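Trainee: Sharing upload.txt below, compact mmCIF, C-alpha atoms:
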```
# COMPACT_ATOMS: atom_id res chain seq x y z
CA MET A 1 -32.28 37.71 14.04
CA PRO A 2 -29.27 37.39 13.94
CA GLY A 3 -28.51 35.79 10.62
CA THR A 4 -30.72 35.27 7.64
CA ASP A 5 -30.90 31.48 7.58
CA THR A 6 -34.62 30.90 7.80
CA ASP A 7 -34.74 27.26 6.72
CA THR A 8 -37.05 25.50 9.11
CA THR A 9 -37.11 21.90 10.24
CA ASP A 10 -40.91 21.79 9.99
CA SER A 11 -40.76 19.54 6.94
CA PHE A 12 -44.52 19.05 6.99
CA ALA A 13 -45.17 22.79 7.06
CA PRO A 14 -48.02 23.99 4.87
CA ALA A 15 -47.30 26.81 2.43
CA PRO A 16 -47.18 30.25 4.05
CA ASP A 17 -50.20 31.28 1.96
CA ALA A 18 -52.22 28.36 3.37
CA ILE A 19 -51.36 29.47 6.91
CA ARG A 20 -52.29 33.05 6.06
CA GLY A 21 -55.58 31.73 4.65
CA THR A 22 -56.43 29.94 7.90
CA VAL A 23 -55.62 33.03 9.99
CA GLU A 24 -57.82 35.17 7.75
CA ALA A 25 -60.58 32.54 7.91
CA TYR A 26 -60.27 32.58 11.72
CA LEU A 27 -60.83 36.34 11.83
CA ALA A 28 -63.73 36.04 9.36
CA ALA A 29 -65.25 33.34 11.57
CA LEU A 30 -64.95 35.63 14.62
CA ARG A 31 -66.81 38.27 12.62
CA SER A 32 -69.52 35.77 11.66
CA GLY A 33 -70.62 35.11 15.24
CA SER A 34 -70.68 31.35 14.52
CA SER A 35 -68.59 29.24 16.87
CA ALA A 36 -69.01 26.27 14.50
CA ALA A 37 -67.21 28.23 11.78
CA ILE A 38 -64.34 28.90 14.17
CA VAL A 39 -64.10 25.35 15.49
CA ALA A 40 -64.06 23.93 11.94
CA LEU A 41 -60.63 25.51 11.49
CA TYR A 42 -59.14 23.41 14.32
CA ALA A 43 -57.69 19.90 14.07
CA ASP A 44 -59.51 17.26 16.12
CA ASP A 45 -56.87 16.98 18.84
CA ALA A 46 -55.96 20.66 18.97
CA THR A 47 -55.14 22.56 22.15
CA LEU A 48 -56.10 26.09 23.12
CA GLU A 49 -54.69 28.39 25.83
CA ASP A 50 -56.52 31.71 26.07
CA PRO A 51 -54.92 33.55 27.74
CA ALA A 52 -51.57 31.77 27.54
CA GLY A 53 -50.68 30.28 30.91
CA THR A 54 -54.20 29.13 31.74
CA ALA A 55 -55.16 25.46 31.71
CA PRO A 56 -55.31 24.31 28.08
CA LYS A 57 -58.56 23.25 26.45
CA VAL A 58 -57.81 19.96 24.72
CA GLY A 59 -59.75 18.53 21.79
CA ARG A 60 -62.60 19.68 19.61
CA ASP A 61 -65.35 19.38 22.25
CA ALA A 62 -63.53 21.54 24.80
CA ILE A 63 -62.65 24.05 22.11
CA ALA A 64 -66.25 24.16 20.86
CA GLN A 65 -67.42 24.77 24.43
CA PHE A 66 -64.94 27.66 24.75
CA TYR A 67 -66.08 29.43 21.58
CA SER A 68 -69.80 28.78 22.18
CA ALA A 69 -69.80 32.02 24.21
CA LEU A 70 -69.48 33.85 20.88
CA ASP A 71 -72.58 32.34 19.24
CA GLY A 72 -74.89 35.06 18.00
CA SER A 73 -72.36 37.68 19.06
CA PRO A 74 -70.43 38.79 15.97
CA GLN A 75 -67.06 40.35 16.79
CA LYS A 76 -65.21 43.02 14.91
CA ALA A 77 -61.82 41.55 14.10
CA GLU A 78 -58.98 43.11 12.16
CA LEU A 79 -55.53 41.68 11.40
CA LEU A 80 -52.73 44.09 12.35
CA THR A 81 -49.56 42.03 11.78
CA LEU A 82 -48.95 38.42 10.72
CA ARG A 83 -45.63 36.57 10.87
CA VAL A 84 -45.43 33.04 9.45
CA SER A 85 -42.49 30.89 10.53
CA GLY A 86 -42.35 27.25 9.44
CA ALA A 87 -45.57 25.53 10.54
CA SER A 88 -46.44 28.34 12.98
CA ALA A 89 -47.78 31.85 12.87
CA ALA A 90 -47.89 34.74 15.31
CA PHE A 91 -50.34 37.52 14.66
CA HIS A 92 -51.40 40.75 16.30
CA PHE A 93 -55.05 41.62 15.82
CA ARG A 94 -57.79 43.85 17.16
CA VAL A 95 -61.07 42.37 18.34
CA THR A 96 -64.08 44.34 19.51
CA SER A 97 -66.71 42.43 21.46
CA PRO A 98 -70.20 43.46 22.52
CA VAL A 99 -70.75 42.76 26.24
CA GLY A 100 -74.15 43.88 27.45
CA ASP A 101 -74.57 47.53 26.51
CA HIS A 102 -70.86 48.07 26.05
CA GLU A 103 -68.10 47.19 23.64
CA TYR A 104 -64.69 45.98 24.72
CA GLU A 105 -61.59 46.13 22.57
CA VAL A 106 -58.45 44.09 22.96
CA GLU A 107 -55.45 43.62 20.68
CA PRO A 108 -53.96 40.21 21.53
CA ILE A 109 -51.01 38.48 19.96
CA ASP A 110 -52.02 34.92 19.10
CA VAL A 111 -49.65 32.10 18.22
CA MET A 112 -50.90 29.10 16.26
CA THR A 113 -49.35 25.91 14.96
CA PHE A 114 -50.76 24.10 11.93
CA ASP A 115 -50.91 20.64 10.45
CA GLU A 116 -50.10 19.85 6.83
CA GLN A 117 -53.63 20.88 5.83
CA ALA A 118 -53.24 24.23 7.59
CA ARG A 119 -55.71 23.27 10.32
CA ILE A 120 -54.95 24.81 13.71
CA THR A 121 -53.24 22.29 16.02
CA SER A 122 -52.59 24.72 18.87
CA MET A 123 -53.48 28.27 19.79
CA ARG A 124 -52.08 30.45 22.54
CA ALA A 125 -53.46 33.96 23.06
CA TYR A 126 -51.16 36.51 24.71
CA TRP A 127 -53.10 39.26 26.46
CA SER A 128 -54.26 40.16 29.96
CA SER A 129 -57.16 42.02 31.46
CA GLU A 130 -54.95 45.16 31.55
CA ASN A 131 -55.16 45.15 27.75
CA LEU A 132 -58.99 45.25 27.73
CA ARG A 133 -60.39 48.66 26.88
CA GLN A 134 -64.05 49.67 27.20
CA LEU A 135 -65.11 51.76 24.19
CA MET B 1 -61.10 36.16 23.95
CA PRO B 2 -63.86 35.14 24.55
CA GLY B 3 -64.44 35.77 28.22
CA THR B 4 -62.55 37.98 30.59
CA ASP B 5 -61.22 35.35 32.99
CA THR B 6 -57.50 35.92 32.76
CA ASP B 7 -56.39 34.01 35.85
CA THR B 8 -53.43 31.94 34.82
CA THR B 9 -52.17 28.65 36.18
CA ASP B 10 -48.57 29.89 36.01
CA SER B 11 -48.38 30.13 39.80
CA PHE B 12 -44.63 30.86 39.64
CA ALA B 13 -45.15 33.70 37.19
CA PRO B 14 -43.05 36.80 37.86
CA ALA B 15 -44.85 40.13 38.05
CA PRO B 16 -45.82 41.55 34.66
CA ASP B 17 -43.51 44.51 35.33
CA ALA B 18 -40.57 42.15 35.83
CA ILE B 19 -41.32 40.48 32.49
CA ARG B 20 -41.60 43.87 30.81
CA GLY B 21 -38.25 44.78 32.38
CA THR B 22 -36.56 41.73 30.87
CA VAL B 23 -38.03 42.41 27.43
CA GLU B 24 -36.83 46.03 27.59
CA ALA B 25 -33.40 44.85 28.79
CA TYR B 26 -33.30 42.42 25.85
CA LEU B 27 -33.89 45.24 23.36
CA ALA B 28 -31.33 47.43 25.15
CA ALA B 29 -28.83 44.57 24.95
CA LEU B 30 -29.47 44.22 21.20
CA ARG B 31 -28.72 47.94 20.90
CA SER B 32 -25.51 47.54 22.90
CA GLY B 33 -23.88 45.17 20.41
CA SER B 34 -22.77 42.93 23.31
CA SER B 35 -23.83 39.32 23.03
CA ALA B 36 -22.80 38.78 26.67
CA ALA B 37 -25.40 41.35 27.76
CA ILE B 38 -28.06 39.47 25.81
CA VAL B 39 -27.07 36.01 27.02
CA ALA B 40 -27.06 37.18 30.66
CA LEU B 41 -30.84 37.57 30.39
CA TYR B 42 -31.31 33.83 29.68
CA ALA B 43 -31.64 31.03 32.22
CA ASP B 44 -28.89 28.38 32.08
CA ASP B 45 -31.03 25.70 30.41
CA ALA B 46 -32.99 27.99 28.12
CA THR B 47 -33.99 27.13 24.57
CA LEU B 48 -34.03 29.37 21.50
CA GLU B 49 -35.77 28.91 18.13
CA ASP B 50 -35.01 31.73 15.69
CA PRO B 51 -36.89 31.53 13.43
CA ALA B 52 -39.57 29.34 15.04
CA GLY B 53 -39.59 25.90 13.46
CA THR B 54 -35.81 25.63 13.15
CA ALA B 55 -33.79 23.27 15.35
CA PRO B 56 -33.70 24.75 18.86
CA LYS B 57 -30.48 25.98 20.43
CA VAL B 58 -30.39 24.46 23.91
CA GLY B 59 -28.43 25.85 26.85
CA ARG B 60 -26.34 28.91 27.51
CA ASP B 61 -23.36 27.88 25.35
CA ALA B 62 -25.44 27.30 22.24
CA ILE B 63 -27.34 30.52 22.86
CA ALA B 64 -24.09 32.46 23.35
CA GLN B 65 -22.78 31.04 20.08
CA PHE B 66 -25.95 32.16 18.30
CA TYR B 67 -25.76 35.75 19.54
CA SER B 68 -21.99 36.04 19.07
CA ALA B 69 -22.74 37.11 15.48
CA LEU B 70 -23.95 40.41 16.95
CA ASP B 71 -20.74 41.29 18.82
CA GLY B 72 -19.52 44.72 17.82
CA SER B 73 -22.59 45.19 15.65
CA PRO B 74 -25.08 47.32 17.58
CA GLN B 75 -28.64 46.93 16.34
CA LYS B 76 -31.41 49.46 16.35
CA ALA B 77 -34.27 47.86 18.26
CA GLU B 78 -37.65 49.34 19.09
CA LEU B 79 -40.56 47.75 20.95
CA LEU B 80 -43.83 48.06 19.04
CA THR B 81 -46.27 45.97 21.10
CA LEU B 82 -45.87 43.85 24.23
CA ARG B 83 -48.43 41.40 25.63
CA VAL B 84 -47.74 39.68 28.94
CA SER B 85 -49.75 36.56 29.77
CA GLY B 86 -48.90 34.56 32.89
CA ALA B 87 -45.22 33.63 32.76
CA SER B 88 -44.97 34.39 29.02
CA ALA B 89 -44.77 37.39 26.77
CA ALA B 90 -45.27 38.00 23.07
CA PHE B 91 -43.87 41.16 21.58
CA HIS B 92 -43.65 42.79 18.18
CA PHE B 93 -40.52 44.83 17.62
CA ARG B 94 -38.45 46.44 14.89
CA VAL B 95 -34.77 45.61 14.55
CA THR B 96 -32.38 47.21 12.08
CA SER B 97 -29.09 45.41 11.46
CA PRO B 98 -25.99 46.55 9.62
CA VAL B 99 -24.85 43.89 7.10
CA GLY B 100 -21.83 44.99 5.09
CA ASP B 101 -22.63 48.35 3.53
CA HIS B 102 -26.37 47.89 3.94
CA GLU B 103 -28.99 47.92 6.66
CA TYR B 104 -31.73 45.34 6.94
CA GLU B 105 -34.95 45.86 8.87
CA VAL B 106 -37.27 43.19 10.17
CA GLU B 107 -40.21 43.37 12.57
CA PRO B 108 -40.50 39.92 14.18
CA ILE B 109 -42.94 38.75 16.81
CA ASP B 110 -41.00 37.02 19.58
CA VAL B 111 -42.49 34.81 22.27
CA MET B 112 -40.61 34.25 25.52
CA THR B 113 -41.26 32.29 28.69
CA PHE B 114 -39.72 33.30 32.00
CA ASP B 115 -38.70 31.76 35.30
CA GLU B 116 -39.63 33.19 38.69
CA GLN B 117 -36.69 35.62 38.43
CA ALA B 118 -37.87 36.83 35.02
CA ARG B 119 -34.94 35.19 33.24
CA ILE B 120 -35.76 33.96 29.74
CA THR B 121 -36.37 30.19 29.70
CA SER B 122 -37.41 29.98 26.05
CA MET B 123 -37.53 32.24 23.04
CA ARG B 124 -39.21 31.68 19.69
CA ALA B 125 -38.93 34.29 16.95
CA TYR B 126 -41.69 34.41 14.33
CA TRP B 127 -40.49 35.91 11.05
CA SER B 128 -39.30 34.73 7.66
CA SER B 129 -36.94 36.02 5.01
CA GLU B 130 -39.95 37.55 3.25
CA ASN B 131 -40.18 39.98 6.16
CA LEU B 132 -36.58 41.23 5.70
CA ARG B 133 -36.37 44.63 4.09
CA GLN B 134 -33.19 46.27 2.81
CA LEU B 135 -33.15 49.97 3.73
```
Take the structure in the file and give it back as structure tokens.
Mentor:
Amino acid sequence: MPGTDTDTTDSFAPAPDAIRGTVEAYLAALRSGSSAAIVALYADDATLEDPAGTAPKVGRDAIAQFYSALDGSPQKAELLTLRVSGASAAFHFRVTSPVGDHEYEVEPIDVMTFDEQARITSMRAYWSSENLRQL
Amino acid sequence: MPGTDTDTTDSFAPAPDAIRGTVEAYLAALRSGSSAAIVALYADDATLEDPAGTAPKVGRDAIAQFYSALDGSPQKAELLTLRVSGASAAFHFRVTSPVGDHEYEVEPIDVMTFDEQARITSMRAYWSSENLRQL
């Protein structure tokens, strides 16, 4: 807002449904507890900032290292709101993670950009430790 | 996620409460129907992409021109979710706009970055015309 002119200049943008498909596959991969399934959704030279403002992880190896903490630890993940805009998406979701004997819940807003094949080229996760809740 | 290390590298980041204050002032300014009140929250050399993926508006004059469409047209604006991360914030909000005899509602996710005085240095709005609803 304001105005209703939503033409984007992202001429290479994948279809909104393809972007939605990647976001849903990302949440399904979080639920699977397989970091390989998550990393397969990223482009080779992708970047990741989680949380946003921290030093970015750059490239598939660094991203794989980041998600390896999830291996064998299936998350609960539920999409709350998704907004697709050109070749980007912002989405609000709930993730519940087992940590030792406890479960922690957080509802980040993630922003992703995508290449023409709807692979993730960048991810920034907006949340802070204040948003973590022990269940 | 994963991990709970939320230290950011945004060493100049304003306090989370200052960022929250600017976001709340932004929504209040939308409600006021005064584009000057909105523009005053931006840094001089800020950039604006609304919706994300469109050509950015760069600098205070271009941003003032963009918001001038709202002058004399108070919006209803309600914060739904705010996530602060370093010197950035992502927030989901509902805005209801009068257009002719009708009202349109949209619930974008906006992402903003801030300078050390919590002025907005960039804004990207994630939404598309599919998300517009006539009331």
Trainee: For Arg60 (chain A), please output as a list in words all residues within 7 Å (counting only C-alpha atoms; exclusion window: fewer than 4 positions along the same chain).
Mentor: Asp44, Asp45, Ala46 and Ala64 of chain A
Trainee: Any chance you could fit chain A onto chain B with least squares, all Cα atoms in order, and share the moved copy as a PDB file with C-alpha atoms, keeping the file's coordinate frame?
Mentor:
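Generated file (out-v2.pdb):
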```pdb
ATOM      1  CA  MET A   1     -61.095  36.225  23.923  1.00  0.00           C
ATOM      2  CA  PRO A   2     -63.859  35.147  24.529  1.00  0.00           C
ATOM      3  CA  GLY A   3     -64.458  35.829  28.180  1.00  0.00           C
ATOM      4  CA  THR A   4     -62.533  37.977  30.572  1.00  0.00           C
ATOM      5  CA  ASP A   5     -61.224  35.332  32.958  1.00  0.00           C
ATOM      6  CA  THR A   6     -57.502  35.900  32.742  1.00  0.00           C
ATOM      7  CA  ASP A   7     -56.406  33.981  35.831  1.00  0.00           C
ATOM      8  CA  THR A   8     -53.426  31.920  34.822  1.00  0.00           C
ATOM      9  CA  THR A   9     -52.158  28.636  36.181  1.00  0.00           C
ATOM     10  CA  ASP A  10     -48.554  29.860  36.028  1.00  0.00           C
ATOM     11  CA  SER A  11     -48.349  30.089  39.808  1.00  0.00           C
ATOM     12  CA  PHE A  12     -44.634  30.840  39.663  1.00  0.00           C
ATOM     13  CA  ALA A  13     -45.141  33.693  37.210  1.00  0.00           C
ATOM     14  CA  PRO A  14     -43.044  36.783  37.848  1.00  0.00           C
ATOM     15  CA  ALA A  15     -44.844  40.120  38.062  1.00  0.00           C
ATOM     16  CA  PRO A  16     -45.820  41.559  34.678  1.00  0.00           C
ATOM     17  CA  ASP A  17     -43.499  44.516  35.327  1.00  0.00           C
ATOM     18  CA  ALA A  18     -40.550  42.140  35.831  1.00  0.00           C
ATOM     19  CA  ILE A  19     -41.314  40.478  32.491  1.00  0.00           C
ATOM     20  CA  ARG A  20     -41.608  43.873  30.819  1.00  0.00           C
ATOM     21  CA  GLY A  21     -38.247  44.791  32.373  1.00  0.00           C
ATOM     22  CA  THR A  22     -36.547  41.732  30.876  1.00  0.00           C
ATOM     23  CA  VAL A  23     -38.019  42.417  27.422  1.00  0.00           C
ATOM     24  CA  GLU A  24     -36.827  46.021  27.585  1.00  0.00           C
ATOM     25  CA  ALA A  25     -33.401  44.857  28.796  1.00  0.00           C
ATOM     26  CA  TYR A  26     -33.291  42.420  25.853  1.00  0.00           C
ATOM     27  CA  LEU A  27     -33.885  45.235  23.365  1.00  0.00           C
ATOM     28  CA  ALA A  28     -31.318  47.432  25.149  1.00  0.00           C
ATOM     29  CA  ALA A  29     -28.821  44.566  24.951  1.00  0.00           C
ATOM     30  CA  LEU A  30     -29.465  44.230  21.195  1.00  0.00           C
ATOM     31  CA  ARG A  31     -28.719  47.943  20.898  1.00  0.00           C
ATOM     32  CA  SER A  32     -25.502  47.554  22.902  1.00  0.00           C
ATOM     33  CA  GLY A  33     -23.870  45.181  20.418  1.00  0.00           C
ATOM     34  CA  SER A  34     -22.756  42.933  23.310  1.00  0.00           C
ATOM     35  CA  SER A  35     -23.841  39.315  23.031  1.00  0.00           C
ATOM     36  CA  ALA A  36     -22.805  38.774  26.670  1.00  0.00           C
ATOM     37  CA  ALA A  37     -25.398  41.338  27.755  1.00  0.00           C
ATOM     38  CA  ILE A  38     -28.058  39.467  25.800  1.00  0.00           C
ATOM     39  CA  VAL A  39     -27.069  36.010  27.013  1.00  0.00           C
ATOM     40  CA  ALA A  40     -27.065  37.183  30.652  1.00  0.00           C
ATOM     41  CA  LEU A  41     -30.839  37.568  30.393  1.00  0.00           C
ATOM     42  CA  TYR A  42     -31.307  33.840  29.670  1.00  0.00           C
ATOM     43  CA  ALA A  43     -31.647  31.024  32.207  1.00  0.00           C
ATOM     44  CA  ASP A  44     -28.902  28.391  32.063  1.00  0.00           C
ATOM     45  CA  ASP A  45     -31.021  25.698  30.418  1.00  0.00           C
ATOM     46  CA  ALA A  46     -32.980  27.999  28.126  1.00  0.00           C
ATOM     47  CA  THR A  47     -33.984  27.143  24.569  1.00  0.00           C
ATOM     48  CA  LEU A  48     -34.036  29.378  21.515  1.00  0.00           C
ATOM     49  CA  GLU A  49     -35.771  28.925  18.137  1.00  0.00           C
ATOM     50  CA  ASP A  50     -35.015  31.725  15.684  1.00  0.00           C
ATOM     51  CA  PRO A  51     -36.904  31.531  13.420  1.00  0.00           C
ATOM     52  CA  ALA A  52     -39.560  29.358  15.049  1.00  0.00           C
ATOM     53  CA  GLY A  53     -39.585  25.916  13.462  1.00  0.00           C
ATOM     54  CA  THR A  54     -35.814  25.632  13.150  1.00  0.00           C
ATOM     55  CA  ALA A  55     -33.799  23.291  15.353  1.00  0.00           C
ATOM     56  CA  PRO A  56     -33.705  24.766  18.865  1.00  0.00           C
ATOM     57  CA  LYS A  57     -30.485  25.997  20.433  1.00  0.00           C
ATOM     58  CA  VAL A  58     -30.390  24.473  23.904  1.00  0.00           C
ATOM     59  CA  GLY A  59     -28.440  25.850  26.852  1.00  0.00           C
ATOM     60  CA  ARG A  60     -26.326  28.899  27.514  1.00  0.00           C
ATOM     61  CA  ASP A  61     -23.344  27.869  25.354  1.00  0.00           C
ATOM     62  CA  ALA A  62     -25.442  27.291  22.233  1.00  0.00           C
ATOM     63  CA  ILE A  63     -27.327  30.512  22.851  1.00  0.00           C
ATOM     64  CA  ALA A  64     -24.087  32.457  23.357  1.00  0.00           C
ATOM     65  CA  GLN A  65     -22.774  31.028  20.083  1.00  0.00           C
ATOM     66  CA  PHE A  66     -25.961  32.166  18.307  1.00  0.00           C
ATOM     67  CA  TYR A  67     -25.762  35.762  19.537  1.00  0.00           C
ATOM     68  CA  SER A  68     -21.977  36.043  19.070  1.00  0.00           C
ATOM     69  CA  ALA A  69     -22.735  37.118  15.480  1.00  0.00           C
ATOM     70  CA  LEU A  70     -23.954  40.416  16.956  1.00  0.00           C
ATOM     71  CA  ASP A  71     -20.741  41.283  18.828  1.00  0.00           C
ATOM     72  CA  GLY A  72     -19.511  44.716  17.843  1.00  0.00           C
ATOM     73  CA  SER A  73     -22.582  45.184  15.668  1.00  0.00           C
ATOM     74  CA  PRO A  74     -25.083  47.326  17.582  1.00  0.00           C
ATOM     75  CA  GLN A  75     -28.656  46.924  16.344  1.00  0.00           C
ATOM     76  CA  LYS A  76     -31.420  49.463  16.341  1.00  0.00           C
ATOM     77  CA  ALA A  77     -34.274  47.882  18.255  1.00  0.00           C
ATOM     78  CA  GLU A  78     -37.647  49.358  19.098  1.00  0.00           C
ATOM     79  CA  LEU A  79     -40.565  47.757  20.954  1.00  0.00           C
ATOM     80  CA  LEU A  80     -43.841  48.060  19.024  1.00  0.00           C
ATOM     81  CA  THR A  81     -46.282  45.970  21.095  1.00  0.00           C
ATOM     82  CA  LEU A  82     -45.885  43.839  24.230  1.00  0.00           C
ATOM     83  CA  ARG A  83     -48.454  41.408  25.629  1.00  0.00           C
ATOM     84  CA  VAL A  84     -47.731  39.683  28.948  1.00  0.00           C
ATOM     85  CA  SER A  85     -49.748  36.570  29.771  1.00  0.00           C
ATOM     86  CA  GLY A  86     -48.900  34.579  32.897  1.00  0.00           C
ATOM     87  CA  ALA A  87     -45.211  33.625  32.764  1.00  0.00           C
ATOM     88  CA  SER A  88     -44.970  34.397  29.028  1.00  0.00           C
ATOM     89  CA  ALA A  89     -44.773  37.404  26.782  1.00  0.00           C
ATOM     90  CA  ALA A  90     -45.276  38.005  23.080  1.00  0.00           C
ATOM     91  CA  PHE A  91     -43.867  41.157  21.585  1.00  0.00           C
ATOM     92  CA  HIS A  92     -43.660  42.788  18.188  1.00  0.00           C
ATOM     93  CA  PHE A  93     -40.519  44.817  17.619  1.00  0.00           C
ATOM     94  CA  ARG A  94     -38.452  46.420  14.893  1.00  0.00           C
ATOM     95  CA  VAL A  95     -34.770  45.608  14.541  1.00  0.00           C
ATOM     96  CA  THR A  96     -32.387  47.211  12.078  1.00  0.00           C
ATOM     97  CA  SER A  97     -29.106  45.412  11.469  1.00  0.00           C
ATOM     98  CA  PRO A  98     -25.997  46.550   9.624  1.00  0.00           C
ATOM     99  CA  VAL A  99     -24.859  43.895   7.117  1.00  0.00           C
ATOM    100  CA  GLY A 100     -21.846  44.977   5.111  1.00  0.00           C
ATOM    101  CA  ASP A 101     -22.653  48.324   3.521  1.00  0.00           C
ATOM    102  CA  HIS A 102     -26.380  47.880   3.947  1.00  0.00           C
ATOM    103  CA  GLU A 103     -28.991  47.911   6.664  1.00  0.00           C
ATOM    104  CA  TYR A 104     -31.737  45.335   6.953  1.00  0.00           C
ATOM    105  CA  GLU A 105     -34.952  45.846   8.865  1.00  0.00           C
ATOM    106  CA  VAL A 106     -37.267  43.182  10.176  1.00  0.00           C
ATOM    107  CA  GLU A 107     -40.214  43.356  12.564  1.00  0.00           C
ATOM    108  CA  PRO A 108     -40.502  39.915  14.191  1.00  0.00           C
ATOM    109  CA  ILE A 109     -42.944  38.752  16.807  1.00  0.00           C
ATOM    110  CA  ASP A 110     -41.006  37.023  19.579  1.00  0.00           C
ATOM    111  CA  VAL A 111     -42.494  34.819  22.276  1.00  0.00           C
ATOM    112  CA  MET A 112     -40.618  34.251  25.526  1.00  0.00           C
ATOM    113  CA  THR A 113     -41.264  32.289  28.688  1.00  0.00           C
ATOM    114  CA  PHE A 114     -39.712  33.295  32.009  1.00  0.00           C
ATOM    115  CA  ASP A 115     -38.686  31.764  35.293  1.00  0.00           C
ATOM    116  CA  GLU A 116     -39.609  33.202  38.679  1.00  0.00           C
ATOM    117  CA  GLN A 117     -36.687  35.635  38.427  1.00  0.00           C
ATOM    118  CA  ALA A 118     -37.876  36.840  35.020  1.00  0.00           C
ATOM    119  CA  ARG A 119     -34.949  35.193  33.232  1.00  0.00           C
ATOM    120  CA  ILE A 120     -35.765  33.965  29.729  1.00  0.00           C
ATOM    121  CA  THR A 121     -36.371  30.191  29.695  1.00  0.00           C
ATOM    122  CA  SER A 122     -37.409  29.974  26.045  1.00  0.00           C
ATOM    123  CA  MET A 123     -37.539  32.233  23.025  1.00  0.00           C
ATOM    124  CA  ARG A 124     -39.224  31.672  19.690  1.00  0.00           C
ATOM    125  CA  ALA A 125     -38.920  34.299  16.951  1.00  0.00           C
ATOM    126  CA  TYR A 126     -41.689  34.418  14.336  1.00  0.00           C
ATOM    127  CA  TRP A 127     -40.492  35.900  11.056  1.00  0.00           C
ATOM    128  CA  SER A 128     -39.284  34.721   7.657  1.00  0.00           C
ATOM    129  CA  SER A 129     -36.936  36.006   5.019  1.00  0.00           C
ATOM    130  CA  GLU A 130     -39.968  37.549   3.236  1.00  0.00           C
ATOM    131  CA  ASN A 131     -40.180  39.971   6.164  1.00  0.00           C
ATOM    132  CA  LEU A 132     -36.586  41.213   5.699  1.00  0.00           C
ATOM    133  CA  ARG A 133     -36.383  44.627   4.082  1.00  0.00           C
ATOM    134  CA  GLN A 134     -33.187  46.262   2.805  1.00  0.00           C
ATOM    135  CA  LEU A 135     -33.143  49.965   3.720  1.00  0.00           C
TER     136      LEU A 135
END
```
Trainee: Taking all atoms of region 10-24 of chain B that the file lists, what box with edges along x, y and z, padded by 4 Å per side, do you get, with centre and edge lengths in Å to one decimal, as AutoDock Vina command-line options?
Mentor:
```
--center_x -42.6 --center_y 38.0 --center_z 33.6 --size_x 20.0 --size_y 24.1 --size_z 20.4
```
Trainee: So how many Å separate CA of Ala28 (chain A) and CA of Glu130 (chain A), to one decimal?
Mentor: 25.5 Å
Trainee: What is the distance between CA of Lys76 (chain A) and CA of Met112 (chain A), in Å to one decimal?
Mentor: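 Straight-line distance from CA of Lys76 (chain A) to CA of Met112 (chain A) works out to 20.0 Å.
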Trainee: Would you list the contacts of region 104-108 of chain B as a list in words, taking every protein, DNA or RNA residue within 8 Å and counting all atoms listed in the file, but skipping same-chain residues closer than 5 positions in sequence?
Mentor: Arg83 of chain A; His92, Phe93, Arg94, Val95, Thr96, Ser97, Pro98, Val99, Ala125, Tyr126, Trp127, Asn131, Leu132, Arg133, Gln134 and Leu135 of chain B
Trainee: Using CA of Phe114 (chain B) and CA of Ser85 (chain B) as the two end points, give the distance in Å to one decimal.
Mentor: 10.8 Å
Trainee: So that I can check the surroundings of Thr22 (chain A), please list as a list in words every protein, DNA and RNA residue that reaches within 9 Å of it, counting only C-alpha atoms and ignoring chain neighbours fewer than 6 positions away.
Mentor: Leu41, Ala118, Arg119 and Ile120 of chain A
Trainee: Between B:Ile109, B:Ala36, B:Val58, B:Leu27, which one has atoms that come closest to chain A, using all atoms listed in the file?
Mentor: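 When distances to chain A are compared using all atoms listed in the file, the smallest one comes from B:Ile109.
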Trainee: Which residue gives the smallest distance to Gly53 (chain A) among A:Pro74, A:Ser129, A:Arg124, A:Ala40, with all atoms listed in the file counted?
Mentor: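 Comparing A:Pro74, A:Ser129, A:Arg124, A:Ala40 against Gly53 (chain A), the winner is A:Arg124.
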Trainee: Counting all atoms listed in the file, select every polymer residue within 9 Å of (-38.3, 36.9, 38.4) as defined in the file's coordinates, and provide the selection as a ChimeraX atom specification.
Mentor: /B:12-15,18-19,114-119
Trainee: Determine the nearest neighbour of Ala43 (chain A) from the options A:Ala29, A:Ala87, A:Leu79, A:Ile63, counting all atoms listed in the file.
Mentor: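 Among the listed residues, A:Ile63 lies closest to Ala43 (chain A).
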Trainee: Using all atoms listed in the file, find the one residue out of B:Ser122, B:Ser73, B:Thr81, B:Thr113 that sits nearest to Ser34 (chain B).
Mentor: B:Ser73
